[in-house]
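Colleague: Sharing model-v8.csv below, CSV, C-alpha atoms:
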chain,number,residue,atom,x,y,z
M,1,MET,CA,-33.6,0.8,-3.8
M,2,ALA,CA,-35.9,0.0,-6.8
M,3,PHE,CA,-37.7,3.0,-8.3
M,4,VAL,CA,-40.9,2.2,-10.1
M,5,VAL,CA,-42.8,5.5,-10.3
M,6,ARG,CA,-43.2,6.8,-13.9
M,7,THR,CA,-43.1,10.5,-14.9
M,8,PRO,CA,-46.9,10.9,-15.6
M,9,LEU,CA,-47.7,9.5,-12.1
M,10,ILE,CA,-45.1,11.9,-10.6
M,11,ILE,CA,-46.9,14.8,-12.2
M,12,ALA,CA,-50.3,13.5,-11.1
M,13,ILE,CA,-49.0,13.2,-7.5
M,14,PHE,CA,-47.8,16.8,-7.6
M,15,VAL,CA,-51.0,18.2,-9.1
M,16,ALA,CA,-53.2,16.4,-6.5
M,17,THR,CA,-51.0,17.6,-3.7
M,18,LEU,CA,-51.0,21.1,-5.0
M,19,LEU,CA,-54.8,21.2,-5.3
M,20,SER,CA,-55.1,19.9,-1.7
M,21,THR,CA,-53.0,22.7,-0.4
M,22,GLY,CA,-54.9,25.4,-2.1
M,23,SER,CA,-54.4,27.3,-5.4
M,24,ALA,CA,-53.6,30.8,-4.0
M,25,HIS,CA,-49.9,30.8,-3.2
M,26,CYS,CA,-47.0,33.1,-3.3
M,27,ALA,CA,-43.6,31.5,-2.9
M,28,SER,CA,-41.2,32.8,-0.2
M,29,SER,CA,-37.6,33.6,-1.1
M,30,ASP,CA,-36.5,30.3,0.5
M,31,PRO,CA,-38.3,26.9,0.7
M,32,PHE,CA,-40.3,26.1,3.8
M,33,GLY,CA,-41.5,29.7,3.9
M,34,GLY,CA,-42.9,29.6,7.4
M,35,HIS,CA,-39.3,29.6,8.7
M,36,HIS,CA,-36.9,32.6,8.9
M,37,THR,CA,-33.3,32.2,7.9
M,38,PHE,CA,-30.1,34.1,8.7
M,39,GLU,CA,-26.6,34.0,7.0
M,40,VAL,CA,-24.0,31.5,8.3
M,41,VAL,CA,-20.3,32.4,7.7
M,42,TYR,CA,-17.0,30.9,8.8
M,43,SER,CA,-18.4,27.5,9.7
M,44,SER,CA,-17.1,24.1,8.6
M,45,LEU,CA,-20.3,23.7,6.5
M,46,PHE,CA,-19.7,27.1,4.8
M,47,GLU,CA,-16.2,25.9,3.9
M,48,LYS,CA,-17.5,22.6,2.5
M,49,TRP,CA,-20.1,24.4,0.4
M,50,SER,CA,-17.6,26.9,-0.9
M,51,SER,CA,-15.2,24.1,-1.9
M,52,THR,CA,-18.1,22.3,-3.6
M,53,ILE,CA,-19.0,25.5,-5.6
M,54,ALA,CA,-15.5,25.5,-6.9
M,55,LYS,CA,-15.9,21.8,-7.9
M,56,LEU,CA,-19.2,22.6,-9.7
M,57,SER,CA,-17.4,25.4,-11.7
M,58,ARG,CA,-14.8,22.8,-12.7
M,59,ASP,CA,-17.5,20.3,-13.7
M,60,HIS,CA,-19.4,22.9,-15.7
M,61,ALA,CA,-16.2,23.6,-17.7
M,62,GLN,CA,-15.4,19.9,-18.1
M,63,LEU,CA,-18.9,19.1,-19.3
M,64,ARG,CA,-18.6,21.7,-22.1
M,65,ALA,CA,-15.1,20.3,-23.0
M,66,CYS,CA,-16.4,16.7,-23.0
M,67,THR,CA,-19.6,17.1,-24.9
M,68,ASP,CA,-18.0,15.9,-28.1
M,69,GLY,CA,-15.3,13.8,-26.5
M,70,ASN,CA,-15.0,10.0,-26.6
M,71,VAL,CA,-12.4,9.2,-24.0
M,72,THR,CA,-12.5,7.5,-20.7
M,73,GLU,CA,-12.2,10.7,-18.8
M,74,CYS,CA,-15.4,12.0,-20.4
M,75,LEU,CA,-17.6,9.0,-19.6
M,76,ALA,CA,-19.2,10.6,-16.5
M,77,ALA,CA,-19.7,13.9,-18.3
M,78,GLN,CA,-21.4,12.1,-21.2
M,79,GLN,CA,-23.6,10.2,-18.9
M,80,LEU,CA,-24.7,13.3,-17.1
M,81,ASN,CA,-25.1,15.2,-20.3
M,82,ALA,CA,-27.5,12.6,-21.6
M,83,ILE,CA,-29.7,13.1,-18.6
M,84,ILE,CA,-29.6,16.9,-19.0
M,85,ALA,CA,-30.3,16.7,-22.8
M,86,ASP,CA,-33.3,14.4,-22.1
M,87,ALA,CA,-34.6,16.8,-19.5
M,88,LYS,CA,-34.2,19.8,-21.9
M,89,ALA,CA,-36.3,18.0,-24.5
M,90,GLN,CA,-39.2,18.1,-22.1
M,91,ASN,CA,-41.6,20.9,-21.2
M,92,GLY,CA,-42.7,22.4,-17.9
M,93,LEU,CA,-42.7,20.2,-14.8
M,94,ALA,CA,-41.4,17.2,-16.8
M,95,VAL,CA,-38.0,18.9,-16.9
M,96,LEU,CA,-37.8,18.6,-13.1
M,97,GLY,CA,-39.2,15.1,-13.1
M,98,HIS,CA,-36.6,13.9,-15.7
M,99,ILE,CA,-33.7,15.4,-13.8
M,100,ASN,CA,-34.9,13.9,-10.5
M,101,ARG,CA,-35.4,10.5,-12.1
M,102,GLY,CA,-32.3,10.4,-14.1
M,103,ILE,CA,-29.9,11.3,-11.3
M,104,ASN,CA,-31.7,8.9,-8.9
M,105,PHE,CA,-31.0,6.1,-11.3
M,106,GLU,CA,-27.5,7.2,-12.4
M,107,ILE,CA,-25.7,7.4,-9.0
M,108,LYS,CA,-25.0,4.3,-7.0
M,109,PRO,CA,-26.2,4.8,-3.4
M,110,VAL,CA,-23.6,4.4,-0.6
M,111,ALA,CA,-24.2,4.8,3.1
M,112,ARG,CA,-22.1,7.9,3.5
M,113,SER,CA,-19.9,10.0,1.2
M,114,ASP,CA,-18.0,13.3,1.2
M,115,TRP,CA,-19.2,16.4,-0.6
M,116,LEU,CA,-18.8,15.1,-4.1
M,117,SER,CA,-19.0,16.8,-7.5
M,118,PRO,CA,-21.4,15.3,-10.0
M,119,PHE,CA,-18.7,13.6,-11.9
M,120,GLU,CA,-17.2,12.2,-8.7
M,121,ALA,CA,-20.6,10.9,-7.7
M,122,ILE,CA,-21.3,9.2,-11.0
M,123,ASN,CA,-17.8,7.5,-10.9
M,124,SER,CA,-17.9,6.4,-7.2
M,125,GLY,CA,-21.5,6.5,-5.9
M,126,GLY,CA,-22.6,8.8,-3.1
M,127,ASP,CA,-25.1,9.6,-0.4
M,128,CYS,CA,-28.0,12.2,-0.4
M,129,LYS,CA,-25.5,15.0,-0.7
M,130,ALA,CA,-24.1,13.6,-3.9
M,131,TYR,CA,-27.6,13.2,-5.4
M,132,SER,CA,-28.7,16.7,-4.4
M,133,ILE,CA,-25.5,18.4,-5.6
M,134,SER,CA,-25.7,16.6,-8.9
M,135,LYS,CA,-29.3,17.6,-9.4
M,136,TYR,CA,-28.5,21.2,-8.6
M,137,PHE,CA,-25.7,21.1,-11.2
M,138,ALA,CA,-28.0,19.4,-13.8
M,139,LEU,CA,-30.8,21.8,-13.3
M,140,ARG,CA,-28.4,24.8,-13.8
M,141,GLU,CA,-27.2,23.2,-17.0
M,142,ALA,CA,-30.8,22.6,-18.1
M,143,GLY,CA,-31.5,26.3,-17.8
M,144,PHE,CA,-32.9,26.9,-14.3
M,145,ALA,CA,-31.7,30.2,-12.8
M,146,ALA,CA,-29.6,30.0,-9.6
M,147,ASP,CA,-32.1,32.1,-7.7
M,148,ARG,CA,-34.7,29.4,-8.3
M,149,LEU,CA,-32.7,26.5,-6.8
M,150,ARG,CA,-31.7,25.6,-3.3
M,151,LEU,CA,-30.0,22.8,-1.5
M,152,VAL,CA,-31.7,22.2,1.8
M,153,ILE,CA,-30.4,20.1,4.8
M,154,VAL,CA,-33.5,18.8,6.5
M,155,HIS,CA,-34.6,16.5,9.3
M,156,ALA,CA,-37.3,14.0,8.8
M,157,ARG,CA,-39.7,14.2,11.7
M,158,GLY,CA,-39.6,11.0,13.9
M,159,GLN,CA,-36.3,9.8,12.4
M,160,SER,CA,-32.7,10.1,13.4
M,161,GLY,CA,-30.0,11.8,11.3
M,162,ASN,CA,-30.3,14.5,8.7
M,163,HIS,CA,-30.9,14.5,4.9
M,164,MET,CA,-30.2,16.8,1.9
M,165,VAL,CA,-32.7,17.5,-0.9
M,166,VAL,CA,-33.0,20.0,-3.7
M,167,ALA,CA,-35.8,22.6,-3.8
M,168,ALA,CA,-36.7,24.1,-7.2
M,169,LEU,CA,-39.1,27.0,-7.7
M,170,TRP,CA,-41.8,26.2,-10.2
M,171,GLN,CA,-44.8,28.4,-10.8
M,172,ASP,CA,-44.6,30.0,-7.3
M,173,HIS,CA,-44.2,26.7,-5.6
M,174,TRP,CA,-41.0,25.2,-4.1
M,175,LEU,CA,-40.8,21.6,-5.1
M,176,ILE,CA,-38.6,19.0,-3.4
M,177,LEU,CA,-36.4,16.7,-5.4
M,178,ASP,CA,-35.4,13.8,-3.3
M,179,ASN,CA,-33.2,10.7,-3.9
M,180,LEU,CA,-35.7,8.7,-1.7
M,181,THR,CA,-38.6,9.1,-4.2
M,182,LEU,CA,-39.4,10.1,-7.7
M,183,ALA,CA,-42.4,12.1,-6.6
M,184,LEU,CA,-42.1,15.9,-6.7
M,185,VAL,CA,-43.7,17.2,-3.5
M,186,PRO,CA,-44.3,20.9,-2.6
M,187,ASP,CA,-42.3,22.0,0.4
M,188,GLU,CA,-45.3,22.7,2.5
M,189,ALA,CA,-46.6,19.1,2.0
M,190,SER,CA,-43.3,17.4,2.9
M,191,GLN,CA,-42.5,15.8,6.2
M,192,TYR,CA,-39.2,17.5,6.5
M,193,GLU,CA,-38.1,20.1,9.0
M,194,PRO,CA,-35.6,22.5,7.4
M,195,LEU,CA,-32.2,23.2,9.1
M,196,LEU,CA,-30.0,24.9,6.5
M,197,VAL,CA,-30.3,26.2,3.0
M,198,LEU,CA,-27.5,26.5,0.5
M,199,ASP,CA,-27.3,28.4,-2.8
M,200,ASP,CA,-25.0,30.5,-4.9
M,201,LYS,CA,-25.1,33.2,-2.3
M,202,GLY,CA,-23.8,31.0,0.6
M,203,VAL,CA,-25.3,29.2,3.6
M,204,ARG,CA,-28.3,30.3,5.7
M,205,SER,CA,-29.6,28.7,8.9
M,206,TYR,CA,-33.3,28.3,9.6
M,207,VAL,CA,-34.5,29.6,12.9
M,208,SER,CA,-36.3,27.2,15.2
M,209,PRO,CA,-39.7,28.0,16.8
M,210,ALA,CA,-39.5,30.0,20.0
M,211,VAL,CA,-38.8,28.1,23.1
M,212,ASN,CA,-39.2,29.8,26.5
M,213,GLY,CA,-39.5,33.1,24.6
M,214,MET,CA,-36.1,32.6,22.8
M,215,LYS,CA,-35.5,31.8,19.2
M,216,SER,CA,-32.3,29.9,18.1
M,217,SER,CA,-30.7,28.4,15.1
M,218,ALA,CA,-32.2,25.0,14.4
M,219,ALA,CA,-28.9,24.0,12.9
M,220,ALA,CA,-26.5,25.3,15.4
M,221,SER,CA,-24.9,21.9,15.9
M,222,VAL,CA,-25.5,20.4,12.5
M,223,THR,CA,-22.5,18.6,10.9
M,224,PHE,CA,-23.1,17.2,7.5
Before we go any further, please render this structure as structure tokens.
Modeller:
Amino acid sequence: MAFVVRTPLIIAIFVATLLSTGSAHCASSDPFGGHHTFEVVYSSLFEKWSSTIAKLSRDHAQLRACTDGNVTECLAAQQLNAIIADAKAQNGLAVLGHINRGINFEIKPVARSDWLSPFEAINSGGDCKAYSISKYFALREAGFAADRLRLVIVHARGQSGNHMVVAALWQDHWLILDNLTLALVPDEASQYEPLLVLDDKGVRSYVSPAVNGMKSSAAASVTF
């Protein structure tokens, strides 16, 4: 996929969308605030995310160790660190835009991959999970607090299959960082239906709208 959108246009798209959705806004604790969530434990997805968190801790440590290194084992760390350093040199929304753009260009897309760490994804390529996990990692390294970042498994309306994106809280708006586009879009303006949200506290499932008076987990059967 060829990306041609440039950072100023990304910001312009965001501003226009933000104005069209109204200026008065208070962000919910999770993206897609019209949906409620509840904690998920002891599921295969929970186990995968717990294992991934351990990988992220390993990569954070390796990134620090490799910052001044010049050996083959450090090449992925140096490539990722260059993206992070470039983002940290920006201000405001441009930090998000540079992380989104840099990771989108750095990782080779593959049809399907496992739950990869950022270094694994740079070395081997990955799917939407790899892009999203790498952006989550890079944003943490760039100074974003964990409580302002989420990974969200979503479903695109009218399409088959599910997808993973990053949501970052910026000035009371949750913005979506997506490997399918360089544009930063507010959650309420996206075409995605949220299924699960992941963060440093664990995994939560979104609740689907009531059907026949009953509410259920929208992600009860999600495997990802």
Colleague: Kindly give the distance, in Å, that separates atom CA of M:Leu56 and atom CA of M:Pro186, rounded to a single decimal.
Modeller: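 So the two atoms, atom CA of M:Leu56 and atom CA of M:Pro186, lie 26.1 Å apart.
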Colleague: Which residues are near stretch 70-85 of chain M? Cut-off 9 Å, only C-alpha atoms, ignore same chain within fewer than 6 positions. Put them as a VMD selection string.
Modeller: chain M and resid 59 62 to 64 95 98 to 99 102 to 103 106 118 to 123 134 138 to 139 141 to 142
Colleague: Measure the distance from atom CA of M:Leu169 to atom CA of M:Val40 in Å and round it to one decimal.
Modeller: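 Rounded to one decimal, the two atoms are 22.5 Å apart.
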Colleague: Which of these, M:Lys129, M:Arg148, M:Lys201, M:His60, has the shortest distance to M:Met164 once you count only C-alpha atoms?
Modeller: M:Lys129
Colleague: Using all atoms listed in the file, find the one residue out of M:Tyr192, M:Phe105, M:Phe38, M:Phe46 that sits nearest to M:Asn179.
Modeller: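 Counting all atoms listed in the file, the residue closest to M:Asn179 is M:Phe105.
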Colleague: So the first atom is atom CA of M:Gly161 and the second is atom CA of M:Leu116; what is the distance between them in Å, to one decimal place?
Modeller: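 If I compute the distance from atom CA of M:Gly161 to atom CA of M:Leu116, I get 19.3 Å.
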Colleague: I need the residue nearest M:Pro31 from this list: M:Ala89, M:Ala65, M:Val185, M:Leu96. Use all atoms listed in the file for the distance.
Modeller: M:Val185
Colleague: Select, from M:Gly126, M:Leu93, M:Val207, M:Gly33, the residue with the minimum atom-to-atom distance to M:Gln171, counting only C-alpha atoms.
Modeller: M:Leu93
Colleague: Let me make sure I understand: among M:Arg157, M:Arg112, M:Arg101, M:Arg150, which one has the smallest atom-to-atom distance to M:Ala183 if we use only C-alpha atoms?
Modeller: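 When distances to M:Ala183 are compared using only C-alpha atoms, the smallest one comes from M:Arg101.
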Colleague: Show me as number ranges by chain the residues that reach within 12 Å of (-29.4, 28.0, 5.6), counting all atoms listed in the file and using the file's own coordinates.
Modeller: M: 29-32, 35-41, 43, 45-46, 49, 150-154, 164, 194-208, 217-220, 222
